[in-house]
file model.txt (compact mmCIF, C-alpha atoms)
# COMPACT_ATOMS: atom_id res chain seq x y z
CA MET A 248 43.50 -37.63 5.61
CA ASN A 249 46.43 -36.17 3.75
CA THR A 250 45.25 -35.29 0.27
CA PHE A 251 48.39 -33.43 -0.75
CA PRO A 252 51.24 -35.35 0.89
CA GLN A 253 53.80 -34.63 -1.80
CA LEU A 254 52.72 -31.03 -2.18
CA SER A 255 52.87 -30.52 1.55
CA GLU A 256 56.36 -31.95 1.80
CA THR A 257 57.59 -30.03 -1.24
CA SER A 258 56.10 -26.82 0.10
CA ARG A 259 57.63 -27.30 3.52
CA SER A 260 61.09 -27.87 2.10
CA GLN A 261 60.81 -24.89 -0.24
CA LEU A 262 59.70 -22.66 2.59
CA ALA A 263 62.69 -23.80 4.59
CA ALA A 264 65.03 -23.13 1.67
CA MET A 265 63.56 -19.66 1.18
CA ALA A 266 63.89 -18.84 4.88
CA GLN A 267 67.54 -19.87 4.75
CA SER A 268 68.23 -17.73 1.69
CA VAL A 269 66.80 -14.43 2.94
CA ASN A 270 67.22 -12.66 6.25
CA GLY A 271 64.26 -11.61 8.31
CA ILE A 272 61.52 -14.07 7.35
CA VAL A 273 59.47 -14.74 10.47
CA ALA A 274 56.59 -16.67 8.93
CA ALA A 275 55.82 -18.29 5.60
CA ILE A 276 52.73 -20.19 4.58
CA VAL A 277 51.60 -22.12 1.53
CA ALA A 278 47.80 -22.16 1.45
CA THR A 279 44.90 -23.05 -0.76
CA SER A 280 43.03 -20.12 -2.27
CA ASP A 281 40.10 -20.83 0.05
CA GLY A 282 42.25 -20.36 3.12
CA ARG A 283 43.50 -23.77 4.18
CA GLU A 284 47.06 -24.44 5.20
CA ILE A 285 49.28 -26.73 3.13
CA ALA A 286 52.55 -26.05 4.93
CA SER A 287 54.07 -23.35 7.09
CA LEU A 288 57.21 -22.17 8.82
CA THR A 289 57.30 -19.76 11.70
CA SER A 290 59.76 -18.39 14.18
CA GLY A 291 57.23 -16.31 16.06
CA ASP A 292 54.01 -16.61 17.98
CA PHE A 293 51.59 -16.45 15.09
CA SER A 294 48.18 -17.96 14.54
CA ILE A 295 48.89 -19.79 11.32
CA GLY A 296 45.22 -20.69 10.82
CA LYS A 297 44.14 -17.08 11.04
CA LEU A 298 46.98 -15.85 8.83
CA THR A 299 46.13 -18.49 6.25
CA ALA A 300 42.51 -17.32 6.07
CA ILE A 301 43.58 -13.68 5.86
CA ALA A 302 46.04 -14.54 3.08
CA SER A 303 43.21 -15.98 1.06
CA THR A 304 41.05 -12.90 1.69
CA ILE A 305 43.79 -10.38 0.87
CA HIS A 306 44.73 -12.20 -2.31
CA ALA A 307 41.07 -12.39 -3.39
CA LEU A 308 40.67 -8.66 -2.77
CA GLY A 309 43.83 -8.02 -4.78
CA LYS A 310 42.36 -9.97 -7.67
CA ALA A 311 39.03 -8.15 -7.33
CA VAL A 312 40.56 -4.67 -7.36
CA SER A 313 42.87 -5.67 -10.23
CA ALA A 314 39.86 -6.79 -12.24
CA GLU A 315 38.07 -3.51 -11.51
CA ALA A 316 41.20 -1.64 -12.61
CA ARG A 317 41.14 -3.66 -15.85
CA PHE A 318 44.40 -5.38 -14.98
CA ALA A 319 44.72 -8.80 -16.53
CA GLU A 320 46.00 -10.49 -13.39
CA CYS A 321 47.12 -9.98 -9.83
CA ASP A 322 50.45 -11.68 -9.24
CA ASN A 323 51.05 -10.47 -5.72
CA VAL A 324 49.92 -8.10 -2.99
CA ILE A 325 52.49 -6.37 -0.81
CA VAL A 326 51.96 -4.76 2.59
CA GLU A 327 54.73 -2.39 3.71
CA SER A 328 55.08 -1.22 7.25
CA PRO A 329 57.86 0.30 9.38
CA SER A 330 57.90 -3.10 11.10
CA GLY A 331 58.47 -5.08 7.93
CA LYS A 332 56.79 -6.43 4.85
CA ILE A 333 54.14 -8.99 4.04
CA ILE A 334 53.95 -10.55 0.61
CA PHE A 335 51.01 -12.50 -0.79
CA MET A 336 51.92 -14.26 -4.02
CA GLU A 337 50.03 -16.60 -6.32
CA ILE A 338 51.74 -19.91 -7.01
CA PRO A 339 51.53 -20.76 -10.71
CA GLY A 340 49.61 -23.87 -11.73
CA SER A 341 46.15 -25.29 -11.58
CA ARG A 342 45.95 -25.92 -7.85
CA GLU A 343 45.10 -22.32 -6.89
CA LEU A 344 47.71 -22.01 -4.18
CA LEU A 345 49.13 -18.97 -2.44
CA LEU A 346 52.34 -18.06 -0.69
CA MET A 347 52.32 -15.66 2.23
CA VAL A 348 55.57 -14.40 3.70
CA ILE A 349 56.04 -12.11 6.70
CA ALA A 350 59.45 -10.48 6.99
CA GLY A 351 60.85 -8.13 9.60
CA LYS A 352 62.44 -4.80 8.84
CA GLY A 353 65.85 -6.40 8.46
CA SER A 354 64.95 -7.99 5.15
CA ALA A 355 65.98 -6.54 1.80
CA PHE A 356 62.87 -6.13 -0.30
CA GLY A 357 64.39 -7.12 -3.62
CA SER A 358 65.93 -10.27 -2.22
CA LEU A 359 62.71 -11.13 -0.45
CA LEU A 360 60.63 -10.71 -3.60
CA LEU A 361 63.05 -12.78 -5.64
CA ALA A 362 63.07 -15.53 -3.03
CA CYS A 363 59.27 -15.57 -2.96
CA ARG A 364 59.08 -15.85 -6.75
CA THR A 365 61.63 -18.64 -6.80
CA CYS A 366 59.73 -20.48 -4.10
CA CYS A 367 56.43 -20.10 -5.98
CA GLN A 368 57.93 -21.25 -9.27
CA THR A 369 59.51 -24.29 -7.67
CA ILE A 370 56.30 -25.33 -5.96
CA GLY A 371 54.30 -24.56 -9.09
CA ALA A 372 56.60 -26.76 -11.17
CA THR A 373 55.51 -29.78 -9.15
CA ASP A 374 51.86 -29.38 -10.18
CA PRO A 375 50.85 -32.87 -11.31
CA SER A 376 47.13 -32.34 -11.88
CA PRO A 377 45.32 -30.51 -14.64
CA GLN A 378 42.49 -29.44 -12.30
CA PRO A 379 42.30 -28.26 -8.70
CA ARG A 380 41.60 -31.14 -6.38
CA ALA A 381 38.96 -31.30 -3.71
CA GLY A 382 39.53 -32.81 -0.31
CA ASN A 383 41.46 -32.21 2.87
CA ALA A 384 44.68 -30.33 2.50
CA SER A 385 47.37 -31.57 4.78
CA THR A 386 49.07 -29.18 7.13
CA GLN A 387 52.57 -29.11 8.50
CA THR A 388 54.09 -26.49 10.75
CA THR A 389 57.79 -26.35 11.45
CA GLU A 390 59.55 -24.19 14.01
CA TYR A 391 62.90 -22.81 12.90
CA THR A 392 65.39 -20.26 14.09
CA LYS A 393 67.48 -18.12 11.82
CA MET B 152 22.04 10.56 -8.45
CA PRO B 153 21.13 8.79 -5.18
CA THR B 154 22.14 10.79 -2.14
CA THR B 155 21.17 8.29 0.54
CA HIS B 156 23.09 5.04 0.70
CA TYR B 157 22.02 2.13 2.85
CA LYS B 158 24.71 -0.38 3.70
CA ILE B 159 23.22 -3.84 3.94
CA VAL B 160 25.23 -6.89 4.99
CA LEU B 161 24.23 -10.40 3.98
CA ALA B 162 25.45 -12.93 6.53
CA GLY B 163 24.98 -16.61 7.19
CA PRO B 164 26.62 -19.98 6.72
CA MET B 165 28.38 -21.22 3.62
CA GLY B 166 25.84 -22.37 1.06
CA ALA B 167 22.99 -20.21 2.34
CA GLY B 168 22.94 -18.22 -0.90
CA LYS B 169 24.46 -14.85 -0.05
CA THR B 170 26.39 -14.56 -3.32
CA THR B 171 23.36 -15.75 -5.30
CA ALA B 172 21.05 -13.28 -3.55
CA ILE B 173 23.29 -10.33 -4.35
CA ARG B 174 23.63 -11.51 -7.91
CA ALA B 175 19.82 -11.77 -8.14
CA ILE B 176 19.19 -8.11 -7.42
CA SER B 177 22.37 -6.16 -8.10
CA GLU B 178 22.15 -3.64 -10.92
CA ILE B 179 25.92 -3.71 -11.37
CA GLU B 180 28.06 -6.73 -12.13
CA PRO B 181 28.75 -7.87 -8.58
CA ILE B 182 32.24 -8.05 -7.19
CA ASP B 183 32.82 -11.53 -5.93
CA THR B 184 35.84 -13.14 -4.34
CA GLU B 185 35.15 -16.79 -4.83
CA ALA B 186 37.95 -19.30 -4.46
CA PHE B 187 37.98 -22.95 -5.37
CA ASN B 188 36.32 -24.86 -2.52
CA THR B 189 38.67 -27.55 -1.24
CA GLU B 190 36.08 -28.90 1.20
CA ARG B 191 33.70 -30.51 -1.25
CA GLU B 192 33.16 -33.39 1.14
CA ARG B 193 31.59 -30.90 3.59
CA PHE B 194 30.06 -28.36 1.23
CA ASP B 195 29.02 -29.50 -2.21
CA LYS B 196 29.77 -26.34 -4.16
CA VAL B 197 32.61 -25.42 -6.46
CA GLY B 198 33.40 -21.95 -5.15
CA THR B 199 33.36 -20.26 -1.79
CA THR B 200 33.53 -16.57 -0.90
CA VAL B 201 36.76 -15.73 0.91
CA ALA B 202 36.55 -11.95 1.26
CA MET B 203 33.23 -10.39 0.30
CA ASP B 204 30.63 -9.88 -2.37
CA TYR B 205 29.47 -6.45 -3.39
CA GLY B 206 26.50 -5.28 -5.38
CA GLU B 207 24.33 -2.20 -5.70
CA LEU B 208 20.64 -1.55 -6.15
CA THR B 209 19.02 1.84 -6.70
CA ILE B 210 15.62 1.82 -5.02
CA SER B 211 14.48 5.39 -5.69
CA ASP B 212 15.73 8.64 -7.18
CA ASP B 213 17.72 9.39 -4.07
CA GLU B 214 18.24 6.01 -2.38
CA LYS B 215 20.65 3.21 -3.14
CA LEU B 216 21.43 -0.06 -1.39
CA MET B 217 25.06 -1.10 -1.05
CA LEU B 218 25.02 -4.86 -0.65
CA TYR B 219 27.91 -6.59 1.10
CA GLY B 220 28.06 -10.37 1.32
CA ALA B 221 30.12 -11.79 4.16
CA PRO B 222 32.09 -15.02 3.81
CA GLY B 223 30.24 -17.77 5.62
CA GLN B 224 33.00 -19.98 6.91
CA GLU B 225 34.13 -19.39 10.47
CA ARG B 226 37.80 -19.07 9.56
CA PHE B 227 36.89 -15.84 7.78
CA ASP B 228 35.15 -14.40 10.83
CA PHE B 229 37.72 -11.60 11.01
CA MET B 230 35.87 -10.12 8.03
CA TRP B 231 32.50 -10.03 9.78
CA PRO B 232 33.00 -6.95 12.00
CA ILE B 233 34.88 -5.22 9.18
CA LEU B 234 31.96 -5.66 6.82
CA ALA B 235 29.30 -5.03 9.46
CA LYS B 236 30.76 -1.67 10.49
CA GLY B 237 28.28 1.05 9.59
CA ALA B 238 25.64 -1.35 8.31
CA LEU B 239 22.07 -0.16 8.64
CA GLY B 240 20.64 -3.61 8.07
CA ILE B 241 21.69 -7.23 8.43
CA LEU B 242 20.09 -9.90 6.27
CA LEU B 243 20.79 -13.30 7.78
CA LEU B 244 20.31 -16.16 5.33
CA ILE B 245 19.79 -19.68 6.64
CA ASN B 246 19.72 -22.89 4.62
CA ASN B 247 16.89 -25.08 5.92
CA ALA B 248 18.45 -28.12 4.20
CA ALA B 249 21.55 -27.87 6.40
CA PRO B 250 22.02 -30.48 9.15
CA ASP B 251 20.95 -28.08 11.91
CA PRO B 252 19.50 -24.82 10.61
CA LEU B 253 18.48 -23.60 14.07
CA ASP B 254 22.03 -24.00 15.34
CA ASP B 255 23.23 -22.01 12.33
CA LEU B 256 20.64 -19.34 13.10
CA VAL B 257 21.69 -19.01 16.72
CA TYR B 258 25.39 -19.07 15.84
CA TYR B 259 25.23 -16.28 13.27
CA ALA B 260 22.69 -14.19 15.20
CA THR B 261 25.01 -14.38 18.19
CA ARG B 262 28.19 -13.63 16.24
CA PHE B 263 26.52 -10.63 14.55
CA ARG B 264 24.82 -9.55 17.77
CA ALA B 265 26.81 -6.33 18.10
CA ALA B 266 26.00 -5.31 14.54
CA ILE B 267 22.36 -6.28 14.97
CA ALA B 268 22.16 -4.08 18.07
CA GLN B 269 23.28 -1.13 15.94
CA SER B 270 21.02 -1.88 12.98
CA VAL B 271 18.03 -4.02 12.04
CA LEU B 272 17.78 -7.71 11.22
CA VAL B 273 15.72 -9.74 8.79
CA VAL B 274 16.11 -13.51 8.47
CA GLY B 275 15.59 -15.30 5.17
CA VAL B 276 15.22 -19.07 5.31
CA GLY B 277 15.97 -20.95 2.11
CA ARG B 278 14.98 -24.38 0.78
CA THR B 279 11.83 -24.46 2.91
CA GLU B 280 9.78 -26.10 0.16
CA GLN B 281 11.86 -29.27 0.36
CA ASN B 282 12.58 -28.92 4.08
CA ALA B 283 9.50 -27.73 5.93
CA THR B 284 11.04 -28.23 9.33
CA PRO B 285 12.15 -26.35 11.24
CA SER B 286 9.30 -23.97 10.48
CA LEU B 287 9.63 -20.23 10.19
CA GLY B 288 7.96 -20.10 13.59
CA ASP B 289 10.66 -22.33 15.02
CA HIS B 290 13.27 -19.91 13.71
CA ALA B 291 11.40 -16.94 15.17
CA ASP B 292 11.07 -18.69 18.52
CA ARG B 293 14.78 -19.42 18.65
CA LEU B 294 15.54 -15.76 17.90
CA ALA B 295 13.04 -14.66 20.55
CA ALA B 296 14.89 -16.81 23.06
CA LEU B 297 17.91 -14.66 22.26
CA GLY B 298 15.86 -11.52 22.74
CA ILE B 299 15.80 -10.82 19.00
CA PHE B 300 12.47 -10.04 17.38
CA CYS B 301 12.52 -9.58 13.62
CA PRO B 302 10.82 -10.69 10.42
CA VAL B 303 11.57 -14.27 9.39
CA LEU B 304 10.66 -15.01 5.78
CA ALA B 305 11.03 -17.93 3.40
CA VAL B 306 13.21 -17.12 0.42
CA ASP B 307 14.46 -18.63 -2.78
CA VAL B 308 17.60 -16.59 -3.32
CA ARG B 309 17.53 -17.35 -7.03
CA ARG B 310 14.30 -15.40 -7.37
CA GLN B 311 14.73 -11.66 -7.66
CA ASP B 312 11.27 -10.97 -6.24
CA ASP B 313 12.00 -13.05 -3.13
CA VAL B 314 15.23 -11.21 -2.40
CA LEU B 315 13.60 -7.84 -3.07
CA LEU B 316 10.91 -8.74 -0.56
CA LEU B 317 13.59 -9.29 2.08
CA MET B 318 15.12 -5.92 1.18
CA ASP B 319 11.71 -4.29 1.52
CA ALA B 320 11.37 -5.80 4.98
CA LEU B 321 14.79 -4.46 5.93
CA LEU B 322 14.11 -1.00 4.56
CA THR B 323 10.78 -0.81 6.33
CA GLN B 324 12.51 -1.55 9.59
CA ILE B 325 15.35 0.88 8.86
CA GLU B 326 12.95 3.69 7.96
CA THR B 327 10.81 2.98 11.00
CA GLY B 328 13.93 3.13 13.13
CA LEU B 329 15.00 6.41 11.57
CA GLU B 330 11.55 7.89 12.17
CA GLN B 331 11.75 6.79 15.78
CA GLU B 332 15.13 8.44 16.13
CA VAL B 333 13.78 11.67 14.65
CA THR B 334 10.76 11.52 16.94
CA ALA B 335 12.97 10.85 19.95
CA ALA B 336 15.19 13.79 19.04
call {"tool": "encode", "arguments": {"input": "model.txt", "output": "structure tokens"}}
result
Amino acid sequence: MNTFPQLSETSRSQLAAMAQSVNGIVAAIVATSDGREIASLTSGDFSIGKLTAIASTIHALGKAVSAEARFAECDNVIVESPSGKIIFMEIPGSRELLLMVIAGKGSAFGSLLLACRTCCQTIGATDPSPQPRAGNASTQTTEYTK
Amino acid sequence: MPTTHYKIVLAGPMGAGKTTAIRAISEIEPIDTEAFNTERERFDKVGTTVAMDYGELTISDDEKLMLYGAPGQERFDFMWPILAKGALGILLLINNAAPDPLDDLVYYATRFRAAIAQSVLVVGVGRTEQNATPSLGDHADRLAALGIFCPVLAVDVRRQDDVLLLMDALLTQIETGLEQEVTAA
């Protein structure tokens, strides 16, 4: 059952557009906040299911530590490594969605961050429902090569 | 200020009451990481823990419990060994109203086996008043078949006294274990 057909298709096309606009993206996932995949793109051998669950966990921990630090919100969590960067970003709207992007060391951080924000805003702008919806999220995985 | 800290991990399937149990006894506002549950057709609850819960309970002038709740769903199993590392006690909560509570028991006891081997285990079985079977004895028998012998108690995780009783059972086992280690040394 595909509960989010339009969302899944929109997310998949936005992920593809983002991957085309920035060098070095090796995986990108749109997920529900409870760790279920909506759409993904990957050019590597990744376990999308596992990454999706971890994205949900990392983002939740980011929100928890932000709350303890008396920050109003947690927009994104960034992991930096000599091998690259991983960005976890909240998609605006009522559907409680997340974007996770893994980029290799060839990516420019500023461009990557901007592309992630643009992607989130575009997906968020399609939010048709005032409340999060229950049910099965659809999943789509697309292989691509830069 | 407490000088001895006991790390306790609450494990078990989604809906067993781990978050509620921590909330029932924590003396601090618990940290929770609940996300909107998109699987309402499988689990009839609004939120689900996706990282961990955390609470604290001072039990004497120099002893404090640090309570960690593990996410129940299998896709978050990468968090289980992270949270279980260094735990002195595992509290496994089982929902007796679930379709197969004994399967849940065996699954989580097996998945936390390494942590249980390094600590102590107490099992709390919830919703036994409305669901008398399987009995607490059935749960104990299934654990015994795995070579695990531990207290199995009924619990209503909403009741502070019930959860404190489980903690007492854990602490008794932990302290007994520590005494044995001292004696052995």
call {"tool": "interface_residues", "arguments": {"input": "model.txt", "of": "chain B", "to": "chain A", "cutoff": "12 Å", "atoms": "only C-alpha atoms", "output": "VMD selection string"}}
result
chain B and resid 180 to 205 221 to 230
call {"tool": "residues_around", "arguments": {"input": "model.txt", "residues": "segment 267-276 of chain B", "least_positions_apart": "5", "cutoff": "8 Å", "atoms": "only C-alpha atoms", "output": "MDAnalysis selection string"}}
result
chainID B and resid 238:247 260 287 301:306 317 320:321 324:325
call {"tool": "atom_distance", "arguments": {"input": "model.txt", "atom1": "atom CA of Asp307 of chain B", "atom2": "atom CA of Thr155 of chain B"}}
result
27.9 Å
call {"tool": "closest_atom_pairs", "arguments": {"input": "model.txt", "of": "segment 269-298 of chain A", "to": "segment 353-356 of chain A", "cutoff": "9 Å", "atoms": "only C-alpha atoms", "output": "Markdown table"}}
result
| residue | atom | partner | partner_atom | distance |
| --- | --- | --- | --- | --- |
| A:Val269 | CA | A:Ser354 | CA | 7.1 |
| A:Asn270 | CA | A:Ser354 | CA | 5.3 |
| A:Gly271 | CA | A:Ser354 | CA | 4.9 |
| A:Ile272 | CA | A:Ser354 | CA | 7.3 |
call {"tool": "residues_around", "arguments": {"input": "model.txt", "residues": "Ile333 of chain A", "least_positions_apart": "5", "cutoff": "8 Å", "atoms": "only C-alpha atoms", "output": "list of chain:residue names"}}
result
A:Ile325, A:Val326, A:Glu327, A:Met347, A:Val348, A:Ile349, A:Ala350
call {"tool": "atom_distance", "arguments": {"input": "model.txt", "atom1": "atom CA of Ser260 of chain A", "atom2": "atom CA of Val277 of chain A"}}
result
11.1 Å
call {"tool": "closest_residue", "arguments": {"input": "model.txt", "among": "B:Leu315, B:Leu256, B:Met152, B:Ala291", "to": "Glu214 of chain B", "atoms": "all atoms listed in the file"}}
result
B:Met152
call {"tool": "residues_around", "arguments": {"input": "model.txt", "residues": "Ala264 of chain A", "least_positions_apart": "3", "cutoff": "12 Å", "atoms": "all atoms listed in the file", "output": "list in words"}}
result
Thr257, Ser258, Arg259, Ser260, Gln261, Gln267, Ser268, Val269, Asn270, Ile272, Ala275, Leu288, Ala362, Cys363, Thr365, Cys366, Cys367, Thr369, Ile370, Tyr391 and Lys393 of chain A
call {"tool": "atom_distance", "arguments": {"input": "model.txt", "atom1": "atom CA of Ala265 of chain B", "atom2": "atom CA of Gly168 of chain B"}}
result
22.7 Å
call {"tool": "axis_aligned_box", "arguments": {"input": "model.txt", "around": "segment 293-297 of chain B", "padding_each_side": "6 Å", "output": "lines of an AutoDock Vina configuration file"}}
result
center_x = 15.5
center_y = -17.0
center_z = 20.5
size_x = 16.9
size_y = 16.8
size_z = 17.2
call {"tool": "closest_residue", "arguments": {"input": "model.txt", "among": "A:Leu254, A:Ala278, A:Val273, A:Ile295", "to": "Asp374 of chain A", "atoms": "only C-alpha atoms"}}
result
A:Leu254
call {"tool": "decode", "arguments": {"input": "model.txt", "residues": "segment 264-274 of chain A", "atoms": "all heavy atoms", "output": "compact mmCIF listing (two decimals), in the first residue's frame"}}
result
# COMPACT_ATOMS: atom_id res chain seq x y z
N ALA A 264 17.32 15.95 -8.31
CA ALA A 264 17.74 17.31 -8.68
C ALA A 264 18.88 17.79 -7.78
O ALA A 264 19.84 18.42 -8.26
CB ALA A 264 16.53 18.25 -8.56
N MET A 265 18.78 17.49 -6.51
CA MET A 265 19.84 17.89 -5.57
C MET A 265 21.16 17.20 -5.94
O MET A 265 22.22 17.82 -5.94
CB MET A 265 19.43 17.53 -4.14
CG MET A 265 20.49 17.84 -3.11
SD MET A 265 19.93 17.48 -1.43
CE MET A 265 19.71 15.71 -1.54
N ALA A 266 21.07 15.91 -6.23
CA ALA A 266 22.29 15.15 -6.55
C ALA A 266 22.94 15.67 -7.83
O ALA A 266 24.16 15.60 -7.98
CB ALA A 266 21.95 13.67 -6.68
N GLN A 267 22.13 16.18 -8.72
CA GLN A 267 22.68 16.75 -9.97
C GLN A 267 23.31 18.12 -9.73
O GLN A 267 24.20 18.53 -10.47
CB GLN A 267 21.56 16.89 -11.02
CG GLN A 267 21.06 15.56 -11.57
CD GLN A 267 22.15 14.81 -12.33
OE1 GLN A 267 22.93 15.40 -13.06
NE2 GLN A 267 22.21 13.50 -12.14
N SER A 268 22.85 18.81 -8.69
CA SER A 268 23.30 20.19 -8.50
C SER A 268 24.57 20.30 -7.65
O SER A 268 25.21 21.35 -7.63
CB SER A 268 22.18 21.01 -7.83
OG SER A 268 22.00 20.60 -6.50
N VAL A 269 24.90 19.24 -6.93
CA VAL A 269 26.06 19.29 -6.04
C VAL A 269 26.94 18.07 -6.28
O VAL A 269 26.42 16.95 -6.39
CB VAL A 269 25.62 19.30 -4.55
CG1 VAL A 269 26.83 19.44 -3.63
CG2 VAL A 269 24.63 20.40 -4.28
N ASN A 270 28.24 18.29 -6.32
CA ASN A 270 29.16 17.16 -6.49
C ASN A 270 29.28 16.37 -5.19
O ASN A 270 29.22 16.93 -4.10
CB ASN A 270 30.55 17.66 -6.88
CG ASN A 270 30.58 18.12 -8.32
OD1 ASN A 270 29.86 17.60 -9.17
ND2 ASN A 270 31.38 19.13 -8.59
N GLY A 271 29.47 15.09 -5.33
CA GLY A 271 29.90 14.27 -4.19
C GLY A 271 28.82 13.59 -3.41
O GLY A 271 29.12 12.85 -2.46
N ILE A 272 27.55 13.81 -3.73
CA ILE A 272 26.49 13.14 -2.97
C ILE A 272 26.47 11.66 -3.35
O ILE A 272 26.35 11.32 -4.52
CB ILE A 272 25.12 13.80 -3.23
CG1 ILE A 272 25.09 15.20 -2.64
CG2 ILE A 272 23.99 12.94 -2.63
CD1 ILE A 272 23.79 15.95 -2.87
N VAL A 273 26.59 10.81 -2.34
CA VAL A 273 26.61 9.37 -2.61
C VAL A 273 25.33 8.68 -2.11
O VAL A 273 25.05 7.54 -2.51
CB VAL A 273 27.85 8.69 -1.99
CG1 VAL A 273 29.11 9.18 -2.69
CG2 VAL A 273 27.94 8.94 -0.49
N ALA A 274 24.61 9.34 -1.25
CA ALA A 274 23.32 8.79 -0.81
C ALA A 274 22.45 9.91 -0.28
O ALA A 274 22.95 10.86 0.34
CB ALA A 274 23.50 7.72 0.26
